[in-house]
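Next up, work.cif (mmCIF, C-alpha atoms):
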data_my_file
#
loop_
_atom_site.label_atom_id
_atom_site.label_comp_id
_atom_site.auth_asym_id
_atom_site.auth_seq_id
_atom_site.Cartn_x
_atom_site.Cartn_y
_atom_site.Cartn_z
CA MET L 4 28.29 -33.49 -45.61
CA SER L 5 31.35 -33.88 -43.40
CA LYS L 6 31.13 -33.06 -39.72
CA ARG L 7 32.82 -29.95 -38.39
CA ASP L 8 35.63 -30.28 -35.89
CA TYR L 9 34.16 -30.41 -32.38
CA TYR L 10 36.61 -27.82 -31.06
CA GLU L 11 35.58 -25.52 -33.90
CA VAL L 12 31.91 -26.09 -33.12
CA LEU L 13 32.36 -24.95 -29.52
CA GLY L 14 34.86 -22.24 -30.43
CA VAL L 15 37.61 -23.44 -28.07
CA SER L 16 41.23 -24.43 -28.52
CA LYS L 17 42.39 -28.07 -28.40
CA ASP L 18 44.12 -27.49 -25.06
CA ALA L 19 41.00 -25.95 -23.45
CA SER L 20 40.08 -27.17 -19.97
CA LYS L 21 36.85 -29.04 -19.29
CA ASP L 22 35.42 -25.97 -17.54
CA GLU L 23 36.15 -23.83 -20.60
CA ILE L 24 34.53 -26.41 -22.86
CA LYS L 25 31.48 -26.65 -20.61
CA LYS L 26 31.14 -22.86 -20.46
CA ALA L 27 31.31 -22.63 -24.28
CA TYR L 28 28.71 -25.39 -24.63
CA ARG L 29 26.30 -23.78 -22.17
CA LYS L 30 26.57 -20.48 -24.04
CA LEU L 31 25.77 -22.11 -27.40
CA ALA L 32 23.02 -24.29 -25.93
CA LYS L 33 21.32 -21.30 -24.42
CA LYS L 34 21.66 -19.35 -27.68
CA TYR L 35 20.32 -22.06 -29.99
CA HIS L 36 17.84 -23.92 -27.78
CA PRO L 37 14.74 -24.49 -29.97
CA ASP L 38 12.41 -23.26 -27.27
CA VAL L 39 13.96 -19.80 -27.13
CA SER L 40 15.96 -19.19 -30.30
CA GLU L 41 14.44 -17.66 -33.41
CA GLU L 42 17.61 -18.01 -35.50
CA GLU L 43 17.58 -20.03 -38.68
CA ASN L 44 18.78 -23.64 -38.27
CA ALA L 45 18.83 -23.17 -34.48
CA SER L 46 17.78 -26.78 -33.90
CA GLU L 47 20.64 -28.15 -36.03
CA LYS L 48 23.18 -25.88 -34.35
CA PHE L 49 21.88 -26.92 -30.94
CA LYS L 50 22.27 -30.61 -31.80
CA GLU L 51 25.76 -30.00 -33.20
CA ALA L 52 26.87 -28.24 -30.00
CA GLN L 53 25.30 -31.00 -27.89
CA GLU L 54 27.18 -33.68 -29.81
CA ALA L 55 30.46 -31.80 -29.46
CA TRP L 56 29.97 -31.46 -25.72
CA ASP L 57 29.10 -35.12 -25.30
CA VAL L 58 32.48 -36.06 -26.77
CA LEU L 59 34.75 -33.30 -25.48
CA GLY L 60 33.09 -33.26 -22.05
CA ASP L 61 34.05 -36.90 -21.49
CA GLN L 62 37.76 -37.48 -20.78
CA GLN L 63 37.89 -40.93 -22.43
CA LYS L 64 35.88 -39.91 -25.51
CA ARG L 65 37.93 -36.73 -25.89
CA ALA L 66 41.20 -38.67 -25.83
CA GLN L 67 39.85 -41.05 -28.48
CA TYR L 68 38.65 -38.12 -30.61
CA ASP L 69 41.98 -36.31 -30.31
CA GLN L 70 43.74 -39.46 -31.64
CA PHE L 71 41.34 -40.70 -34.32
CA GLY L 72 38.95 -37.80 -35.04
CA HIS L 73 35.35 -38.53 -36.00
CA ALA L 74 36.28 -41.97 -37.29
CA GLY L 75 37.05 -43.11 -33.76
CA GLN L 76 33.63 -42.23 -32.38
CA ASN L 77 30.89 -44.79 -31.89
CA ALA L 78 27.73 -43.11 -33.08
CA GLY L 79 25.53 -45.14 -30.77
CA GLN L 80 27.65 -44.81 -27.67
CA GLY L 81 26.56 -42.75 -24.72
CA PHE L 82 23.00 -41.89 -25.82
CA GLY L 83 21.03 -44.91 -24.70
CA GLY L 84 19.58 -43.56 -21.47
CA PHE L 85 19.01 -40.65 -19.15
CA GLY L 86 20.92 -41.86 -16.10
CA GLY L 87 22.41 -38.42 -15.48
CA ALA L 88 23.11 -35.03 -17.03
CA GLU L 89 26.39 -36.21 -18.52
CA ASP L 90 24.65 -39.24 -20.15
CA PHE L 91 22.50 -37.11 -22.41
CA GLY L 92 24.73 -34.24 -23.33
CA GLY L 93 24.35 -32.07 -20.24
CA PHE L 94 20.60 -31.63 -20.48
CA GLY L 95 20.50 -31.06 -16.74
CA ASP L 96 22.36 -27.82 -17.42
CA ILE L 97 19.82 -26.82 -20.05
CA PHE L 98 16.92 -27.48 -17.70
CA ASP L 99 18.69 -25.39 -15.07
CA MET L 100 18.95 -22.49 -17.50
CA PHE L 101 15.41 -22.56 -18.85
CA PHE L 102 13.23 -24.29 -16.29
CA GLY L 103 15.16 -24.17 -13.00
CA GLY L 104 16.12 -27.00 -10.69
CA GLY L 105 17.41 -29.38 -13.34
CA GLY L 106 13.94 -29.93 -14.80
CA ARG L 107 12.32 -30.95 -11.54
CA ARG L 108 8.63 -30.08 -11.47
CA ARG L 109 7.43 -27.50 -9.00
CA ASP L 110 4.07 -28.23 -7.51
CA PRO L 111 1.78 -25.43 -8.73
CA ASN L 112 -0.45 -25.95 -5.71
CA ALA L 113 2.34 -25.63 -3.14
CA PRO L 114 2.09 -22.65 -0.76
CA ARG L 115 4.19 -19.67 -1.89
CA LYS L 116 5.05 -16.45 -0.07
CA GLY L 117 3.66 -13.23 -1.53
CA ALA L 118 5.83 -10.49 -3.04
CA ASP L 119 7.40 -7.82 -0.85
CA LEU L 120 6.41 -4.16 -1.29
CA GLN L 121 8.40 -0.95 -0.85
CA TYR L 122 7.13 2.47 0.22
CA THR L 123 9.21 5.66 0.41
CA MET L 124 8.36 8.02 3.27
CA THR L 125 9.69 11.59 3.64
CA LEU L 126 10.16 12.86 7.20
CA GLY L 127 10.99 16.27 8.65
CA PHE L 128 14.33 16.67 10.42
CA GLU L 129 12.80 16.66 13.92
CA GLU L 130 10.40 13.82 13.06
CA ALA L 131 13.39 11.59 12.30
CA ILE L 132 15.07 12.67 15.55
CA PHE L 133 12.13 11.96 17.83
CA GLY L 134 10.15 9.39 15.83
CA LYS L 135 6.40 9.40 15.25
CA GLU L 136 3.29 7.30 14.86
CA THR L 137 1.56 7.70 11.51
CA ASP L 138 -0.72 6.03 8.97
CA ILE L 139 0.14 5.48 5.32
CA GLN L 140 -1.94 4.33 2.39
CA ILE L 141 -0.44 1.94 -0.13
CA PRO L 142 -1.83 0.37 -3.30
CA LYS L 143 -1.68 -3.40 -3.05
CA GLU L 144 -3.49 -6.61 -3.88
CA GLU L 145 -5.64 -8.27 -1.27
CA THR L 146 -7.24 -11.70 -1.23
CA CYS L 147 -10.73 -11.47 -2.72
CA ASP L 148 -13.32 -11.65 0.07
CA THR L 149 -16.03 -12.91 -2.27
CA CYS L 150 -14.29 -16.13 -3.27
CA ASP L 151 -11.69 -16.32 -0.45
CA GLY L 152 -8.94 -16.26 -3.05
CA SER L 153 -10.06 -19.30 -5.03
CA GLY L 154 -11.06 -17.27 -8.09
CA ALA L 155 -14.22 -19.37 -8.44
CA LYS L 156 -17.77 -18.12 -8.15
CA PRO L 157 -19.20 -18.73 -4.66
CA GLY L 158 -20.74 -22.20 -4.50
CA THR L 159 -18.31 -23.60 -7.07
CA GLU L 160 -14.75 -24.92 -6.89
CA PRO L 161 -11.82 -24.84 -9.31
CA GLU L 162 -11.37 -28.14 -11.17
CA THR L 163 -8.12 -30.03 -11.71
CA CYS L 164 -6.78 -29.35 -15.19
CA SER L 165 -7.54 -32.41 -17.32
CA HIS L 166 -4.62 -31.73 -19.68
CA CYS L 167 -1.76 -31.62 -17.17
CA LYS L 168 -3.56 -33.58 -14.39
CA GLY L 169 -2.89 -30.73 -11.97
CA ALA L 170 0.87 -30.68 -12.57
CA GLY L 171 0.84 -27.28 -14.23
CA GLN L 172 3.28 -28.56 -16.88
CA LEU L 173 3.07 -30.57 -20.07
CA ASN L 174 5.73 -32.99 -21.29
CA GLN L 175 6.61 -33.08 -24.97
CA GLU L 176 8.72 -36.01 -26.14
CA GLN L 177 11.02 -35.64 -29.12
CA ASP L 178 13.16 -38.25 -30.82
CA THR L 179 16.66 -37.00 -31.65
CA PRO L 180 19.79 -38.68 -33.06
CA PHE L 181 20.97 -38.88 -29.45
CA GLY L 182 17.91 -40.46 -27.94
CA ARG L 183 14.51 -39.35 -26.74
CA VAL L 184 14.40 -35.88 -25.17
CA VAL L 185 11.55 -34.72 -22.94
CA ASN L 186 10.80 -30.98 -23.00
CA ARG L 187 8.71 -29.71 -20.13
CA ARG L 188 6.57 -26.61 -20.73
CA VAL L 189 4.02 -24.65 -18.73
CA CYS L 190 0.53 -25.91 -19.42
CA HIS L 191 -1.16 -23.29 -21.58
CA TYR L 192 -4.62 -24.54 -20.66
CA CYS L 193 -4.32 -23.60 -16.99
CA GLN L 194 -1.33 -21.20 -17.25
CA GLY L 195 0.66 -23.41 -14.90
CA THR L 196 -1.82 -23.34 -12.01
CA GLY L 197 -2.97 -26.94 -12.43
CA LYS L 198 -6.60 -25.76 -12.08
CA ILE L 199 -9.38 -24.71 -14.42
CA ILE L 200 -11.97 -22.19 -13.23
CA LYS L 201 -15.15 -22.58 -15.25
CA ASP L 202 -17.35 -20.21 -13.23
CA LYS L 203 -15.19 -17.20 -12.35
CA CYS L 204 -15.80 -14.95 -9.39
CA ASN L 205 -17.59 -11.76 -10.48
CA THR L 206 -15.56 -9.61 -8.07
CA CYS L 207 -12.00 -10.61 -9.00
CA GLY L 208 -12.63 -12.12 -12.44
CA GLY L 209 -11.04 -15.41 -11.44
CA ASN L 210 -7.78 -13.86 -10.25
CA GLY L 211 -8.45 -14.51 -6.55
CA LYS L 212 -7.12 -11.03 -5.73
CA VAL L 213 -8.41 -7.48 -5.93
CA LYS L 214 -6.49 -4.19 -6.11
CA THR L 215 -7.13 -1.84 -3.24
CA ARG L 216 -5.60 0.95 -1.14
CA LYS L 217 -4.89 -0.15 2.38
CA THR L 218 -4.22 2.04 5.41
CA ILE L 219 -1.32 0.75 7.52
CA HIS L 220 -0.14 2.13 10.86
CA ILE L 221 3.62 2.75 11.01
CA SER L 222 5.78 3.36 14.09
CA ILE L 223 8.84 5.46 13.20
CA PRO L 224 11.58 4.82 15.78
CA ALA L 225 13.42 7.83 17.25
CA GLY L 226 16.82 8.40 15.64
CA ILE L 227 16.06 6.85 12.26
CA ASP L 228 18.42 8.12 9.57
CA GLU L 229 18.35 8.77 5.82
CA GLY L 230 18.05 5.59 3.75
CA GLN L 231 17.18 3.30 6.65
CA GLN L 232 14.07 1.15 6.30
CA ILE L 233 11.35 -0.24 8.50
CA ARG L 234 10.07 -3.76 7.90
CA VAL L 235 6.36 -4.29 8.46
CA SER L 236 5.81 -8.04 8.52
CA GLY L 237 2.94 -9.51 6.55
CA GLN L 238 1.86 -6.29 4.83
CA GLY L 239 3.12 -7.16 1.36
CA GLU L 240 1.21 -8.95 -1.37
CA PRO L 241 -0.90 -11.97 -0.34
CA GLY L 242 0.61 -15.42 -0.68
CA GLU L 243 -0.40 -18.16 -3.11
CA ASN L 244 -2.19 -21.35 -2.13
CA GLY L 245 -2.32 -20.45 1.53
CA GLY L 246 1.28 -19.22 1.67
CA PRO L 247 2.23 -16.28 3.93
CA ALA L 248 1.95 -12.68 2.74
CA GLY L 249 5.08 -10.77 1.81
CA ASP L 250 6.49 -7.89 3.85
CA LEU L 251 6.34 -4.12 3.46
CA TYR L 252 9.60 -2.14 3.58
CA VAL L 253 9.26 1.57 4.38
CA VAL L 254 12.34 3.46 3.17
CA VAL L 255 13.00 6.78 4.92
CA GLN L 256 14.03 10.06 3.32
CA ILE L 257 14.66 13.16 5.47
CA ARG L 258 14.10 16.76 4.45
CA PRO L 259 17.14 19.00 5.07
CA HIS L 260 17.03 21.53 7.92
CA GLU L 261 17.85 25.21 7.43
CA PHE L 262 20.13 25.36 10.50
CA PHE L 263 21.14 21.83 11.50
CA GLN L 264 23.08 19.17 9.64
CA ARG L 265 23.28 15.55 10.70
CA GLU L 266 25.98 12.90 10.41
CA GLY L 267 24.93 9.67 12.06
CA ASN L 268 23.80 10.54 15.57
CA HIS L 269 25.76 13.81 15.69
CA ILE L 270 24.30 17.21 14.77
CA PHE L 271 26.34 20.12 13.42
CA CYS L 272 25.57 23.83 13.19
CA GLU L 273 27.24 27.23 12.83
CA MET L 274 26.70 29.91 15.50
CA PRO L 275 27.18 33.53 14.39
CA ILE L 276 28.82 35.81 17.00
CA THR L 277 30.07 39.36 16.82
CA PHE L 278 33.71 40.45 16.83
CA ALA L 279 33.24 41.88 20.33
CA GLN L 280 31.77 38.59 21.64
CA ALA L 281 34.68 36.64 20.18
CA ALA L 282 37.27 39.03 21.58
CA LEU L 283 35.78 39.70 25.01
CA GLY L 284 33.92 36.46 25.56
CA ASP L 285 30.21 36.04 26.21
CA GLU L 286 27.46 33.58 27.03
CA VAL L 287 25.19 32.82 24.09
CA GLU L 288 22.02 30.79 23.57
CA VAL L 289 22.41 27.98 21.06
CA PRO L 290 19.40 26.24 19.46
CA THR L 291 19.33 22.44 19.69
CA VAL L 292 16.67 19.93 18.74
CA HIS L 293 16.11 19.52 22.48
CA GLY L 294 15.62 23.25 23.08
CA LYS L 295 17.91 26.22 23.66
CA VAL L 296 21.03 25.81 25.81
CA LYS L 297 23.56 28.36 27.07
CA LEU L 298 27.14 28.14 25.80
CA LYS L 299 30.05 30.06 27.29
CA VAL L 300 32.26 31.60 24.61
CA PRO L 301 35.74 32.26 26.07
CA ALA L 302 37.52 35.57 25.39
CA GLY L 303 39.71 35.38 22.31
CA THR L 304 37.63 32.73 20.54
CA GLN L 305 38.77 32.40 16.94
CA ALA L 306 36.51 31.98 13.93
CA GLY L 307 35.97 28.28 13.19
CA LYS L 308 36.41 27.20 16.81
CA THR L 309 34.06 24.27 17.52
CA PHE L 310 32.40 23.50 20.85
CA ARG L 311 30.70 20.23 21.78
CA LEU L 312 27.32 20.03 23.48
CA LYS L 313 27.29 16.57 24.97
CA GLU L 314 24.28 14.34 24.22
CA LYS L 315 22.39 17.09 22.38
CA GLY L 316 22.37 15.14 19.13
CA ALA L 317 20.09 12.43 17.80
CA PRO L 318 19.20 9.38 19.90
CA SER L 319 20.56 5.99 18.92
CA ILE L 320 17.95 3.99 17.05
CA ARG L 321 18.92 1.07 19.31
CA GLY L 322 18.01 3.13 22.37
CA THR L 323 21.56 3.47 23.76
CA GLY L 324 22.29 7.15 24.40
CA HIS L 325 22.50 10.23 22.20
CA GLY L 326 25.01 11.78 19.87
CA ASP L 327 26.48 15.24 20.44
CA GLN L 328 25.89 18.62 18.87
CA HIS L 329 28.96 20.38 17.48
CA VAL L 330 28.74 24.17 17.34
CA LYS L 331 31.16 26.01 15.04
CA MET L 332 31.77 29.69 15.76
CA ARG L 333 31.34 32.06 12.83
CA VAL L 334 32.59 35.55 13.60
CA VAL L 335 30.51 38.07 11.68
CA THR L 336 32.40 41.07 10.28
CA PRO L 337 30.36 44.23 10.95
CA THR L 338 29.04 46.22 7.99
CA ASN L 339 27.44 49.69 7.65
CA LEU L 340 29.39 51.08 10.61
CA ASN L 341 28.45 54.52 11.92
CA ASP L 342 31.07 57.19 12.48
CA ARG L 343 31.49 56.45 16.17
CA GLN L 344 32.06 52.73 15.53
CA LYS L 345 34.61 53.50 12.84
CA GLU L 346 36.43 55.88 15.15
CA LEU L 347 36.65 53.29 17.91
CA LEU L 348 37.88 50.61 15.52
CA ARG L 349 40.58 52.92 14.16
CA GLU L 350 41.69 53.68 17.69
CA PHE L 351 41.74 49.98 18.50
CA HIS L 352 43.75 49.30 15.34
CA GLU L 353 46.36 51.92 16.27
CA ILE L 354 46.72 50.50 19.77
CA GLU L 355 46.88 46.89 18.57
CA GLY L 356 49.35 47.44 15.76
CA ASN L 357 49.41 46.18 12.19
CA GLU L 358 50.10 42.52 12.97
CA PRO L 359 48.46 40.08 15.37
CA THR L 360 50.57 38.88 18.25
CA GLU L 361 51.96 35.34 18.23
CA GLU L 362 49.44 34.37 20.90
CA GLN L 363 46.53 35.84 18.94
CA SER L 364 47.56 34.27 15.64
CA ASP L 365 48.18 30.83 17.12
CA GLY L 366 51.55 30.78 15.38
CA ILE L 367 50.24 31.04 11.84
CA PHE L 368 51.99 34.33 11.04
CA SER L 369 55.33 33.00 12.27
CA ARG L 370 54.97 30.00 9.99
CA MET L 371 54.03 32.29 7.10
CA LYS L 372 57.15 34.46 7.63
CA ARG L 373 59.40 31.41 7.71
CA ALA L 374 57.83 30.23 4.47
CA PHE L 375 58.60 33.53 2.75
CA LYS L 376 62.21 33.40 4.00
CA GLY L 377 62.60 29.84 2.80
CA GLU L 378 63.32 28.49 6.26
#

Take the structure I supplied and represent it as C-alpha cells, if you would.
Amino acid sequence: MSKRDYYEVLGVSKDASKDEIKKAYRKLAKKYHPDVSEEENASEKFKEAQEAWDVLGDQQKRAQYDQFGHAGQNAGQGFGGFGGAEDFGGFGDIFDMFFGGGGRRRDPNAPRKGADLQYTMTLGFEEAIFGKETDIQIPKEETCDTCDGSGAKPGTEPETCSHCKGAGQLNQEQDTPFGRVVNRRVCHYCQGTGKIIKDKCNTCGGNGKVKTRKTIHISIPAGIDEGQQIRVSGQGEPGENGGPAGDLYVVVQIRPHEFFQREGNHIFCEMPITFAQAALGDEVEVPTVHGKVKLKVPAGTQAGKTFRLKEKGAPSIRGTGHGDQHVKMRVVTPTNLNDRQKELLREFHEIEGNEPTEEQSDGIFSRMKRAFKGE
C-alpha cells in the first residue's frame, strides 16, 4: 500500500509554515494517541502523523521530500535515538499534552500545597460599612488525628510500592517503526502515591484525611464592598506529604438597603420634602449610616437638586478617610387637599401667573420656546 502524501496526512498546504505544520501535528497526535483515543486504527493514524511531522518538521528533510517525494527519504534516518524531542517525532510535545513537563517524573512523595476553598458570606448594609467579627462553619477535610495523615493503622507504616519502587509511575516500552518509545503511566497498584498501605487506619480508611465542619473566626474590615474577598491563610484543605494547607477565600455579598444605595465609598439617597419646604426653605434631618444630621434646604430648591454631606459615606477599606453621602431632593406633590389648601393654592396660582419666571425655571422654558420657534 502506497504512502499518503505527508502534507495530506497533516491537512496543510505545501507552503505552510513550520508553526502551522507543528500545530496540525499536535492536533492529530492528541486526537489519535493510543492512550486516549478510542477511534478505530488510532495507533496507525498516530504513527502516520508522527512520520509526517518528522519529515516536514525538519527543514532539510522537507526540502528533500519536496524534490523527490517518498523515494528520497531514508527510512532509517532520524529514529536511532532519543537525544531530543525533534529526534523522535516531537514526543516531548506529546508528553507535555498528556503527562505534563515533557514526561519528567513528579515525585509522588514531594510536599504539595492543599487546595484553596471559597465561602460566600452575605452581610447587611451597615455590617459592610462598619465591619464585624464573626464565626463561620465550613465543610472541609482535615488531617486524620488517628494516623497523623499517613493513612496507616497506628503502629504500622505505609510501605514503598514494590511495582513502581516508590516512583508512582510505571514505564511501558514499545517498539515502533521509528524506534523504541517509552510510555509513562500512573502506577495502578498505588494510584500514583508510591506507597502501599496494608493495614489502613480505621478512622479515615487509609485516606489520611477526614471530612469535618470547622468553625473559623473571620474579621470583616470596615468598608468592604460587594464582590470583594477576604483571604484567610492556611484554612483551606490540608497539604500532601507535609506540604502547607491551602487558603480560604471569603467572598462578600451585601443585602440591599431600603433607603441607601452605595457606589464605592459614596452613599446615595433621596430626601422627600414638601412643596412649601422647597419654596420657602427649611432645615431637615437626613438619615446617614453615622446617625441623623441636619441639612439646610435653601428657598427655591428645585426637585432633583443634590446636596453633599462630606465624609458621611463608607470608610475606605484601606483606612484612609470616608466617602460622602449625596442627598437628592424629591419634592412631593400634595394629594387629598382640603378646601382651604385648594383655595390657597388657587390664590397663589393667580398671583404667580401661568408660567414660571426665567429665574424660577432656570432658563428651561426660554430654551423650549426657542425650540418651538425653530431658533

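Residues lying at most 6 Å from (-7.9, -25.0, -17.3) in file coordinates, with all atoms listed in the file considered, are Cys164, Tyr192, Cys193, Lys198 and Ile199 of chain L.
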
Practice item. Determine the residue set returned by the PyMOL selection byres ((chain L and resi 279) around 12) for the present structure, and present it as a VMD selection string. Key: chain L and resid 275 to 278 280 to 285 300 to 305 334 to 337 344 348 351

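Each of L:Glu288, L:Gln121, L:Phe262, L:Gly326 was checked against Val235 in chain L using only C-alpha atoms; the smallest atom-to-atom distance is that of L:Gln121.
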
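For the file at hand, the PyMOL selection byres ((chain L and resi 162) around 10) resolves to Ala155, Thr159, Glu160, Pro161, Thr163, Cys164, Ser165, Gly169, Gly197, Lys198, Ile199, Ile200 and Lys201 of chain L.
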
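If you measure from each of L:Pro37, L:Pro318, L:Gly242, L:Gly72 to Lys6 in chain L using only C-alpha atoms, the closest one turns out to be L:Gly72.
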
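Interatomic distance, CA of Gly134 in chain L to CA of Glu240 in chain L: 26.7 Å.
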
Point to revise | Test item: the PyMOL selection byres ((chain L and resi 227) around 6) resolved as a ChimeraX atom specification | key: /L:131,225-226,228,320
